[in-house]
Each structure stands twice: as structure tokens, then as C-alpha cells.
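Asks: Sharing my_file.tsv below, TSV, N, CA and C atoms:
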chain	number	residue	atom	x	y	z
V	18	MET	N	36.62	-4.13	-50.06
V	18	MET	CA	35.41	-4.36	-49.29
V	18	MET	C	35.68	-3.96	-47.84
V	19	SER	N	34.72	-3.30	-47.23
V	19	SER	CA	34.84	-2.88	-45.84
V	19	SER	C	34.02	-3.79	-44.95
V	20	VAL	N	34.51	-3.95	-43.73
V	20	VAL	CA	33.81	-4.76	-42.75
V	20	VAL	C	33.37	-3.85	-41.61
V	21	ARG	N	32.14	-4.00	-41.18
V	21	ARG	CA	31.63	-3.17	-40.11
V	21	ARG	C	31.93	-3.83	-38.77
V	22	TYR	N	32.58	-3.10	-37.88
V	22	TYR	CA	32.89	-3.57	-36.53
V	22	TYR	C	32.28	-2.59	-35.57
V	23	ARG	N	31.26	-3.02	-34.87
V	23	ARG	CA	30.47	-2.11	-34.05
V	23	ARG	C	30.03	-0.97	-34.94
V	24	THR	N	30.40	0.26	-34.64
V	24	THR	CA	30.01	1.34	-35.54
V	24	THR	C	31.18	1.79	-36.41
V	25	HIS	N	32.28	1.06	-36.37
V	25	HIS	CA	33.46	1.45	-37.12
V	25	HIS	C	33.54	0.60	-38.39
V	26	THR	N	33.92	1.22	-39.47
V	26	THR	CA	34.10	0.48	-40.71
V	26	THR	C	35.58	0.31	-40.95
V	27	HIS	N	35.99	-0.92	-41.13
V	27	HIS	CA	37.39	-1.22	-41.36
V	27	HIS	C	37.53	-1.94	-42.69
V	28	SER	N	38.66	-1.76	-43.30
V	28	SER	CA	38.94	-2.44	-44.56
V	28	SER	C	39.36	-3.88	-44.28
V	29	GLY	N	39.48	-4.64	-45.33
V	29	GLY	CA	39.97	-6.01	-45.20
V	29	GLY	C	41.38	-6.02	-44.63
V	30	PHE	N	42.15	-4.94	-44.87
V	30	PHE	CA	43.50	-4.86	-44.32
V	30	PHE	C	43.46	-4.94	-42.80
V	31	TYR	N	42.51	-4.24	-42.18
V	31	TYR	CA	42.40	-4.24	-40.72
V	31	TYR	C	42.24	-5.68	-40.21
V	32	ASP	N	41.33	-6.41	-40.81
V	32	ASP	CA	41.07	-7.79	-40.37
V	32	ASP	C	42.31	-8.67	-40.54
V	33	ARG	N	42.98	-8.54	-41.66
V	33	ARG	CA	44.20	-9.33	-41.89
V	33	ARG	C	45.29	-8.93	-40.90
V	34	TYR	N	45.45	-7.64	-40.69
V	34	TYR	CA	46.49	-7.16	-39.79
V	34	TYR	C	46.25	-7.65	-38.36
V	35	MET	N	45.01	-7.61	-37.91
V	35	MET	CA	44.71	-8.02	-36.53
V	35	MET	C	44.97	-9.51	-36.31
V	36	GLN	N	45.10	-10.29	-37.36
V	36	GLN	CA	45.42	-11.71	-37.26
V	36	GLN	C	46.90	-11.99	-37.52
V	37	SER	N	47.66	-10.94	-37.80
V	37	SER	CA	49.05	-11.12	-38.22
V	37	SER	C	50.01	-11.32	-37.06
V	38	ARG	N	51.15	-11.89	-37.37
V	38	ARG	CA	52.23	-12.07	-36.40
V	38	ARG	C	52.74	-10.70	-35.94
V	39	ALA	N	52.81	-9.74	-36.85
V	39	ALA	CA	53.29	-8.39	-36.51
V	39	ALA	C	52.41	-7.77	-35.43
V	40	TRP	N	51.08	-7.90	-35.57
V	40	TRP	CA	50.18	-7.35	-34.55
V	40	TRP	C	50.33	-8.09	-33.22
V	41	ARG	N	50.44	-9.40	-33.27
V	41	ARG	CA	50.59	-10.17	-32.03
V	41	ARG	C	51.85	-9.75	-31.27
V	42	ARG	N	52.94	-9.53	-32.01
V	42	ARG	CA	54.18	-9.07	-31.36
V	42	ARG	C	54.00	-7.68	-30.76
V	43	LYS	N	53.40	-6.78	-31.50
V	43	LYS	CA	53.20	-5.42	-31.01
V	43	LYS	C	52.28	-5.43	-29.79
V	44	ARG	N	51.24	-6.25	-29.83
V	44	ARG	CA	50.30	-6.37	-28.72
V	44	ARG	C	51.00	-6.87	-27.46
V	45	ARG	N	51.81	-7.92	-27.62
V	45	ARG	CA	52.56	-8.45	-26.47
V	45	ARG	C	53.50	-7.41	-25.89
V	46	ARG	N	54.17	-6.67	-26.77
V	46	ARG	CA	55.11	-5.64	-26.31
V	46	ARG	C	54.37	-4.56	-25.51
V	47	LYS	N	53.21	-4.14	-25.98
V	47	LYS	CA	52.44	-3.12	-25.25
V	47	LYS	C	51.97	-3.66	-23.91
V	48	LEU	N	51.51	-4.90	-23.88
V	48	LEU	CA	51.09	-5.51	-22.62
V	48	LEU	C	52.24	-5.57	-21.62
V	49	ARG	N	53.43	-5.94	-22.09
V	49	ARG	CA	54.60	-5.96	-21.21
V	49	ARG	C	54.93	-4.57	-20.68
V	50	ARG	N	54.87	-3.59	-21.55
V	50	ARG	CA	55.22	-2.22	-21.15
V	50	ARG	C	54.26	-1.62	-20.13
V	51	THR	N	53.05	-2.13	-20.08
V	51	THR	CA	52.09	-1.61	-19.09
V	51	THR	C	52.00	-2.54	-17.89
V	52	GLY	N	52.87	-3.52	-17.84
V	52	GLY	CA	52.88	-4.44	-16.71
V	52	GLY	C	51.68	-5.36	-16.68
V	53	GLY	N	51.03	-5.55	-17.84
V	53	GLY	CA	49.87	-6.44	-17.90
V	53	GLY	C	48.70	-5.93	-17.09
V	54	ARG	N	48.53	-4.62	-17.07
V	54	ARG	CA	47.44	-3.99	-16.30
V	54	ARG	C	46.67	-3.01	-17.17
V	55	CYS	N	45.40	-2.87	-16.86
V	55	CYS	CA	44.55	-1.87	-17.51
V	55	CYS	C	45.12	-0.49	-17.18
V	56	GLU	N	45.28	0.34	-18.19
V	56	GLU	CA	45.82	1.68	-17.97
V	56	GLU	C	44.81	2.62	-17.32
V	57	ALA	N	43.55	2.21	-17.26
V	57	ALA	CA	42.53	3.04	-16.62
V	57	ALA	C	42.34	2.69	-15.16
V	58	CYS	N	42.39	1.39	-14.82
V	58	CYS	CA	42.07	0.99	-13.45
V	58	CYS	C	43.11	0.08	-12.78
V	59	GLY	N	44.07	-0.41	-13.56
V	59	GLY	CA	45.10	-1.26	-12.98
V	59	GLY	C	44.74	-2.73	-12.91
V	60	LEU	N	43.56	-3.10	-13.37
V	60	LEU	CA	43.12	-4.50	-13.34
V	60	LEU	C	44.02	-5.39	-14.18
V	61	ARG	N	44.24	-6.59	-13.72
V	61	ARG	CA	44.94	-7.62	-14.50
V	61	ARG	C	43.90	-8.59	-15.05
V	62	GLY	N	44.16	-9.13	-16.19
V	62	GLY	CA	43.25	-10.12	-16.78
V	62	GLY	C	42.18	-9.48	-17.65
V	63	ARG	N	41.72	-10.24	-18.65
V	63	ARG	CA	40.69	-9.79	-19.60
V	63	ARG	C	41.06	-8.43	-20.20
V	64	LEU	N	42.29	-8.35	-20.67
V	64	LEU	CA	42.81	-7.10	-21.22
V	64	LEU	C	42.75	-7.10	-22.74
V	65	GLU	N	42.56	-5.92	-23.29
V	65	GLU	CA	42.55	-5.72	-24.72
V	65	GLU	C	43.51	-4.58	-25.04
V	66	VAL	N	44.15	-4.66	-26.18
V	66	VAL	CA	45.00	-3.56	-26.63
V	66	VAL	C	44.18	-2.77	-27.64
V	67	HIS	N	43.86	-1.56	-27.25
V	67	HIS	CA	42.95	-0.68	-27.98
V	67	HIS	C	43.74	0.34	-28.80
V	68	HIS	N	43.30	0.58	-30.03
V	68	HIS	CA	43.88	1.62	-30.87
V	68	HIS	C	43.26	2.96	-30.50
V	69	ARG	N	44.07	3.88	-30.04
V	69	ARG	CA	43.62	5.24	-29.76
V	69	ARG	C	43.35	5.97	-31.08
V	70	THR	N	44.09	5.58	-32.10
V	70	THR	CA	43.93	6.12	-33.45
V	70	THR	C	44.26	5.02	-34.45
V	71	TYR	N	43.64	5.10	-35.62
V	71	TYR	CA	43.96	4.15	-36.70
V	71	TYR	C	44.82	4.84	-37.76
V	72	GLU	N	45.28	6.03	-37.45
V	72	GLU	CA	46.06	6.83	-38.38
V	72	GLU	C	47.29	6.09	-38.91
V	73	ARG	N	47.93	5.32	-38.07
V	73	ARG	CA	49.16	4.60	-38.46
V	73	ARG	C	48.95	3.08	-38.39
V	74	LEU	N	47.75	2.62	-38.69
V	74	LEU	CA	47.44	1.19	-38.61
V	74	LEU	C	48.48	0.38	-39.38
V	75	GLY	N	49.07	-0.57	-38.70
V	75	GLY	CA	50.13	-1.39	-39.28
V	75	GLY	C	51.51	-0.85	-38.96
V	76	HIS	N	51.56	0.41	-38.55
V	76	HIS	CA	52.83	1.07	-38.20
V	76	HIS	C	52.65	1.87	-36.91
V	77	GLU	N	51.81	1.34	-36.02
V	77	GLU	CA	51.48	2.06	-34.79
V	77	GLU	C	52.71	2.36	-33.96
V	78	ARG	N	52.63	3.48	-33.28
V	78	ARG	CA	53.59	3.79	-32.21
V	78	ARG	C	52.97	3.24	-30.94
V	79	MET	N	53.80	2.96	-29.96
V	79	MET	CA	53.26	2.46	-28.70
V	79	MET	C	52.27	3.46	-28.09
V	80	GLY	N	52.47	4.74	-28.32
V	80	GLY	CA	51.55	5.76	-27.81
V	80	GLY	C	50.19	5.76	-28.49
V	81	ASP	N	50.07	5.07	-29.64
V	81	ASP	CA	48.79	4.95	-30.34
V	81	ASP	C	47.91	3.89	-29.69
V	82	LEU	N	48.48	3.10	-28.80
V	82	LEU	CA	47.78	1.95	-28.22
V	82	LEU	C	47.59	2.14	-26.72
V	83	ARG	N	46.48	1.63	-26.22
V	83	ARG	CA	46.20	1.64	-24.79
V	83	ARG	C	45.77	0.23	-24.38
V	84	VAL	N	46.25	-0.20	-23.23
V	84	VAL	CA	45.83	-1.49	-22.67
V	84	VAL	C	44.68	-1.20	-21.72
V	85	VAL	N	43.54	-1.81	-22.00
V	85	VAL	CA	42.35	-1.58	-21.17
V	85	VAL	C	41.64	-2.90	-20.90
V	86	CYS	N	40.97	-2.96	-19.75
V	86	CYS	CA	40.15	-4.13	-19.44
V	86	CYS	C	38.88	-4.07	-20.30
V	87	VAL	N	38.15	-5.15	-20.36
V	87	VAL	CA	36.96	-5.18	-21.21
V	87	VAL	C	35.94	-4.12	-20.78
V	88	HIS	N	35.86	-3.84	-19.48
V	88	HIS	CA	34.93	-2.82	-18.99
V	88	HIS	C	35.28	-1.44	-19.56
V	89	HIS	N	36.55	-1.08	-19.46
V	89	HIS	CA	36.95	0.24	-19.96
V	89	HIS	C	36.96	0.31	-21.49
V	90	HIS	N	37.22	-0.82	-22.15
V	90	HIS	CA	37.13	-0.84	-23.62
V	90	HIS	C	35.68	-0.58	-24.04
V	91	ALA	N	34.73	-1.18	-23.33
V	91	ALA	CA	33.32	-0.95	-23.64
V	91	ALA	C	32.94	0.51	-23.40
V	92	SER	N	33.51	1.13	-22.38
V	92	SER	CA	33.24	2.55	-22.10
V	92	SER	C	33.75	3.43	-23.23
V	93	ILE	N	34.93	3.12	-23.73
V	93	ILE	CA	35.49	3.87	-24.86
V	93	ILE	C	34.57	3.72	-26.07
V	94	THR	N	34.17	2.49	-26.35
V	94	THR	CA	33.31	2.22	-27.50
V	94	THR	C	31.99	2.96	-27.40
V	95	ARG	N	31.38	2.97	-26.21
V	95	ARG	CA	30.11	3.71	-26.02
V	95	ARG	C	30.27	5.19	-26.33
V	96	LYS	N	31.32	5.79	-25.79
V	96	LYS	CA	31.56	7.21	-26.04
V	96	LYS	C	31.77	7.48	-27.53
V	97	HIS	N	32.53	6.60	-28.17
V	97	HIS	CA	32.79	6.76	-29.61
V	97	HIS	C	31.50	6.56	-30.41
V	98	ASP	N	30.70	5.58	-30.02
V	98	ASP	CA	29.42	5.33	-30.70
V	98	ASP	C	28.47	6.53	-30.56
V	99	GLN	N	28.63	7.29	-29.50
V	99	GLN	CA	27.78	8.46	-29.27
V	99	GLN	C	28.31	9.70	-30.00
V	100	GLY	N	29.36	9.52	-30.78
V	100	GLY	CA	29.85	10.61	-31.61
V	100	GLY	C	31.15	11.26	-31.19
V	101	MET	N	31.72	10.83	-30.09
V	101	MET	CA	32.99	11.40	-29.64
V	101	MET	C	34.11	10.83	-30.52
V	102	PRO	N	35.05	11.67	-30.97
V	102	PRO	CA	36.18	11.13	-31.73
V	102	PRO	C	36.92	10.06	-30.92
V	103	LEU	N	37.48	9.09	-31.62
V	103	LEU	CA	38.09	7.94	-30.96
V	103	LEU	C	39.17	8.33	-29.97
V	104	ALA	N	40.08	9.21	-30.36
V	104	ALA	CA	41.16	9.61	-29.44
V	104	ALA	C	40.59	10.30	-28.22
V	105	ALA	N	39.60	11.16	-28.40
V	105	ALA	CA	38.99	11.86	-27.26
V	105	ALA	C	38.26	10.89	-26.35
V	106	ALA	N	37.56	9.92	-26.92
V	106	ALA	CA	36.86	8.91	-26.13
V	106	ALA	C	37.85	8.09	-25.32
V	107	THR	N	38.96	7.74	-25.94
V	107	THR	CA	40.00	6.98	-25.25
V	107	THR	C	40.58	7.79	-24.10
V	108	ASP	N	40.91	9.04	-24.39
V	108	ASP	CA	41.52	9.90	-23.37
V	108	ASP	C	40.55	10.19	-22.22
V	109	ALA	N	39.25	10.22	-22.51
V	109	ALA	CA	38.26	10.46	-21.46
V	109	ALA	C	38.20	9.29	-20.48
V	110	VAL	N	38.43	8.09	-20.97
V	110	VAL	CA	38.37	6.89	-20.13
V	110	VAL	C	39.73	6.59	-19.50
V	111	VAL	N	40.77	6.70	-20.28
V	111	VAL	CA	42.12	6.46	-19.78
V	111	VAL	C	42.72	7.83	-19.49
V	112	THR	N	42.38	8.36	-18.33
V	112	THR	CA	42.75	9.74	-18.01
V	112	THR	C	44.20	9.89	-17.61
V	113	ARG	N	44.79	8.82	-17.09
V	113	ARG	CA	46.19	8.88	-16.70
V	113	ARG	C	46.93	7.69	-17.29
V	114	PRO	N	47.14	7.72	-18.63
V	114	PRO	CA	47.83	6.57	-19.22
V	114	PRO	C	49.26	6.47	-18.72
V	115	VAL	N	49.77	5.26	-18.76
V	115	VAL	CA	51.17	5.04	-18.43
V	115	VAL	C	51.98	5.65	-19.55
V	116	VAL	N	52.80	6.64	-19.25
V	116	VAL	CA	53.63	7.27	-20.27
V	116	VAL	C	55.09	6.91	-20.03
V	117	HIS	N	55.67	6.33	-21.04
V	117	HIS	CA	57.08	5.94	-20.98
V	117	HIS	C	57.85	6.79	-21.97
V	118	TRP	N	59.12	6.89	-21.80
V	118	TRP	CA	59.94	7.68	-22.71
V	118	TRP	C	59.81	7.16	-24.14
V	119	TRP	N	59.59	5.87	-24.34
V	119	TRP	CA	59.51	5.32	-25.70
V	119	TRP	C	58.17	5.60	-26.37
V	120	ASP	N	57.16	6.09	-25.62
V	120	ASP	CA	55.87	6.43	-26.21
V	120	ASP	C	55.86	7.82	-26.82
V	121	ARG	N	56.86	8.60	-26.55
V	121	ARG	CA	56.86	10.01	-27.00
V	121	ARG	C	57.32	10.14	-28.42
Using the file provided, produce a representation of the structure as C-alpha cells.
Replies:
Amino acid sequence: MSVRYRTHTHSGFYDRYMQSRAWRRKRRRKLRRTGGRCEACGLRGRLEVHHRTYERLGHERMGDLRVVCVHHHASITRKHDQGMPLAAATDAVVTRPVVHWWDR
């Protein structure tokens, strides 16, 4: 069974994974690596860890994830809802992501 999230359809695996200990650890690690700041504007607080791609869901690389404030996450979602591929929408909003050697 698939669950609709905004305009994205995710499987039950997505919902279970997003509640898992593995995701919480990966999320914390990404937040630490970006210094707890939005990669688009540098804001602290009200941050979300956004999937640039779901290609490796459950086995994400740090480069698959972006830390964004709720404002920039909404901007990504709007662009994606208007038909832009998810990675392109993410890259359009997060134009200068923090790139670390471990993201490559």
C-alpha cells in the first residue's frame, strides 16, 4: 500500500523508515555535519533533513540529504509539485550546499 505525502507517493517502507532508529541516527549525523544550519540560508532552528533523492532510501549517502529550514523545504516542495525533478528542485533552492569530503 502506498501513502500519499503532498504530491509524492511513498510506500509503507518510507513511513516505517522515517520512524526508525537508523533514520534518526542518520538525521542527527547530517545535522551535525552542517553545523545545525540550513544549507540554503544558514538559519538555525526549525530544520528538516530533506532527501534530494529517494534512490537509496534506507541506504542514503550524506550527499543524498540536505539540511534546510522549513521555508526552504517548502520552496523545494513547490518547485517539485510544479513538475521539476526532486534533485533539480533541491539544487535550485540549495545552490551552494555544504560539501564535505565524506559526501563525495
Asks: Would you pick out the contacts of V:Gly53 at 8 Å or less, using all atoms listed in the file, so that residues sharing its chain but fewer than 4 positions from it are not included, and give the list as a list in words?
Replies: Lys47, Leu48, Arg49, Gly59, Leu60, Arg61, Gly62, Leu64 and Val84 of chain V
Asks: As a ChimeraX atom specification, please: every residue in chain V that a backbone DSSP assignment puts in helix (DSSP H, G or I).
Replies: /V:29-35,38-50,79-81,87-98,103-110,118-120
Asks: Can you spit out the residues from that selection as a short mmCIF file (atom, residue, chain, number, x, y, z; two decimals), in the coordinates of the input, using N, CA and C atoms?
Replies:
data_model
loop_
_atom_site.label_atom_id
_atom_site.label_comp_id
_atom_site.auth_asym_id
_atom_site.auth_seq_id
_atom_site.Cartn_x
_atom_site.Cartn_y
_atom_site.Cartn_z
N GLY V 29 39.48 -4.64 -45.33
CA GLY V 29 39.97 -6.01 -45.20
C GLY V 29 41.38 -6.02 -44.63
N PHE V 30 42.15 -4.94 -44.87
CA PHE V 30 43.50 -4.86 -44.32
C PHE V 30 43.46 -4.94 -42.80
N TYR V 31 42.51 -4.24 -42.18
CA TYR V 31 42.40 -4.24 -40.72
C TYR V 31 42.24 -5.68 -40.21
N ASP V 32 41.33 -6.41 -40.81
CA ASP V 32 41.07 -7.79 -40.37
C ASP V 32 42.31 -8.67 -40.54
N ARG V 33 42.98 -8.54 -41.66
CA ARG V 33 44.20 -9.33 -41.89
C ARG V 33 45.29 -8.93 -40.90
N TYR V 34 45.45 -7.64 -40.69
CA TYR V 34 46.49 -7.16 -39.79
C TYR V 34 46.25 -7.65 -38.36
N MET V 35 45.01 -7.61 -37.91
CA MET V 35 44.71 -8.02 -36.53
C MET V 35 44.97 -9.51 -36.31
N ARG V 38 51.15 -11.89 -37.37
CA ARG V 38 52.23 -12.07 -36.40
C ARG V 38 52.74 -10.70 -35.94
N ALA V 39 52.81 -9.74 -36.85
CA ALA V 39 53.29 -8.39 -36.51
C ALA V 39 52.41 -7.77 -35.43
N TRP V 40 51.08 -7.90 -35.57
CA TRP V 40 50.18 -7.35 -34.55
C TRP V 40 50.33 -8.09 -33.22
N ARG V 41 50.44 -9.40 -33.27
CA ARG V 41 50.59 -10.17 -32.03
C ARG V 41 51.85 -9.75 -31.27
N ARG V 42 52.94 -9.53 -32.01
CA ARG V 42 54.18 -9.07 -31.36
C ARG V 42 54.00 -7.68 -30.76
N LYS V 43 53.40 -6.78 -31.50
CA LYS V 43 53.20 -5.42 -31.01
C LYS V 43 52.28 -5.43 -29.79
N ARG V 44 51.24 -6.25 -29.83
CA ARG V 44 50.30 -6.37 -28.72
C ARG V 44 51.00 -6.87 -27.46
N ARG V 45 51.81 -7.92 -27.62
CA ARG V 45 52.56 -8.45 -26.47
C ARG V 45 53.50 -7.41 -25.89
N ARG V 46 54.17 -6.67 -26.77
CA ARG V 46 55.11 -5.64 -26.31
C ARG V 46 54.37 -4.56 -25.51
N LYS V 47 53.21 -4.14 -25.98
CA LYS V 47 52.44 -3.12 -25.25
C LYS V 47 51.97 -3.66 -23.91
N LEU V 48 51.51 -4.90 -23.88
CA LEU V 48 51.09 -5.51 -22.62
C LEU V 48 52.24 -5.57 -21.62
N ARG V 49 53.43 -5.94 -22.09
CA ARG V 49 54.60 -5.96 -21.21
C ARG V 49 54.93 -4.57 -20.68
N ARG V 50 54.87 -3.59 -21.55
CA ARG V 50 55.22 -2.22 -21.15
C ARG V 50 54.26 -1.62 -20.13
N MET V 79 53.80 2.96 -29.96
CA MET V 79 53.26 2.46 -28.70
C MET V 79 52.27 3.46 -28.09
N GLY V 80 52.47 4.74 -28.32
CA GLY V 80 51.55 5.76 -27.81
C GLY V 80 50.19 5.76 -28.49
N ASP V 81 50.07 5.07 -29.64
CA ASP V 81 48.79 4.95 -30.34
C ASP V 81 47.91 3.89 -29.69
N VAL V 87 38.15 -5.15 -20.36
CA VAL V 87 36.96 -5.18 -21.21
C VAL V 87 35.94 -4.12 -20.78
N HIS V 88 35.86 -3.84 -19.48
CA HIS V 88 34.93 -2.82 -18.99
C HIS V 88 35.28 -1.44 -19.56
N HIS V 89 36.55 -1.08 -19.46
CA HIS V 89 36.95 0.24 -19.96
C HIS V 89 36.96 0.31 -21.49
N HIS V 90 37.22 -0.82 -22.15
CA HIS V 90 37.13 -0.84 -23.62
C HIS V 90 35.68 -0.58 -24.04
N ALA V 91 34.73 -1.18 -23.33
CA ALA V 91 33.32 -0.95 -23.64
C ALA V 91 32.94 0.51 -23.40
N SER V 92 33.51 1.13 -22.38
CA SER V 92 33.24 2.55 -22.10
C SER V 92 33.75 3.43 -23.23
N ILE V 93 34.93 3.12 -23.73
CA ILE V 93 35.49 3.87 -24.86
C ILE V 93 34.57 3.72 -26.07
N THR V 94 34.17 2.49 -26.35
CA THR V 94 33.31 2.22 -27.50
C THR V 94 31.99 2.96 -27.40
N ARG V 95 31.38 2.97 -26.21
CA ARG V 95 30.11 3.71 -26.02
C ARG V 95 30.27 5.19 -26.33
N LYS V 96 31.32 5.79 -25.79
CA LYS V 96 31.56 7.21 -26.04
C LYS V 96 31.77 7.48 -27.53
N HIS V 97 32.53 6.60 -28.17
CA HIS V 97 32.79 6.76 -29.61
C HIS V 97 31.50 6.56 -30.41
N ASP V 98 30.70 5.58 -30.02
CA ASP V 98 29.42 5.33 -30.70
C ASP V 98 28.47 6.53 -30.56
N LEU V 103 37.48 9.09 -31.62
CA LEU V 103 38.09 7.94 -30.96
C LEU V 103 39.17 8.33 -29.97
N ALA V 104 40.08 9.21 -30.36
CA ALA V 104 41.16 9.61 -29.44
C ALA V 104 40.59 10.30 -28.22
N ALA V 105 39.60 11.16 -28.40
CA ALA V 105 38.99 11.86 -27.26
C ALA V 105 38.26 10.89 -26.35
N ALA V 106 37.56 9.92 -26.92
CA ALA V 106 36.86 8.91 -26.13
C ALA V 106 37.85 8.09 -25.32
N THR V 107 38.96 7.74 -25.94
CA THR V 107 40.00 6.98 -25.25
C THR V 107 40.58 7.79 -24.10
N ASP V 108 40.91 9.04 -24.39
CA ASP V 108 41.52 9.90 -23.37
C ASP V 108 40.55 10.19 -22.22
N ALA V 109 39.25 10.22 -22.51
CA ALA V 109 38.26 10.46 -21.46
C ALA V 109 38.20 9.29 -20.48
N VAL V 110 38.43 8.09 -20.97
CA VAL V 110 38.37 6.89 -20.13
C VAL V 110 39.73 6.59 -19.50
N TRP V 118 59.12 6.89 -21.80
CA TRP V 118 59.94 7.68 -22.71
C TRP V 118 59.81 7.16 -24.14
N TRP V 119 59.59 5.87 -24.34
CA TRP V 119 59.51 5.32 -25.70
C TRP V 119 58.17 5.60 -26.37
N ASP V 120 57.16 6.09 -25.62
CA ASP V 120 55.87 6.43 -26.21
C ASP V 120 55.86 7.82 -26.82
#
Asks: Report the residues of stretch 22-111 of chain V whose backbone DSSP state falls under strand (DSSP E or B), written as an MDAnalysis selection string.
Replies: chainID V and resid 22 25:28 64:68 82:86
Asks: May I ask which of the residues V:Arg33, V:Arg44, V:His67, V:His97 is the closest one to V:Arg83, counting only N, CA and C atoms?
Replies: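 Closest to V:Arg83 of all the choices is V:His67.
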Asks: Considering only C-alpha atoms, can you say which of V:Ser28, V:Thr94, V:Thr107, V:Gln99 comes closest to V:Arg69?
Replies: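 Checking each candidate against V:Arg69, we get V:Thr107 as the closest.
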Asks: Between atom N of V:His90 and atom CA of V:Arg54, what is the distance in Å, rounded to a tenth?
Replies: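 Answer for the atom N of V:His90 to atom CA of V:Arg54 separation: 12.2 Å.
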Asks: Set the distance at 12 Å and use only C-alpha atoms: which residues neighbour stretch 75-82 of chain V once local chain neighbours fewer than 2 positions away are removed? I'd like the list as a VMD selection string.
Replies: chain V and resid 30 to 51 55 to 56 65 to 73 84 to 85 90 103 to 104 107 to 108 111 114 to 121
Asks: Calculate how many Å separate atom N of V:His89 from atom N of V:Ala57, rounding to one decimal.
Replies: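 According to the coordinates, atom N of V:His89 and atom N of V:Ala57 are separated by 8.0 Å.
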Asks: Can you work out the spacing between atom C of V:Arg63 and atom C of V:Ala106 in Å, to one decimal?
Replies: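 According to the coordinates, atom C of V:Arg63 and atom C of V:Ala106 are separated by 17.6 Å.
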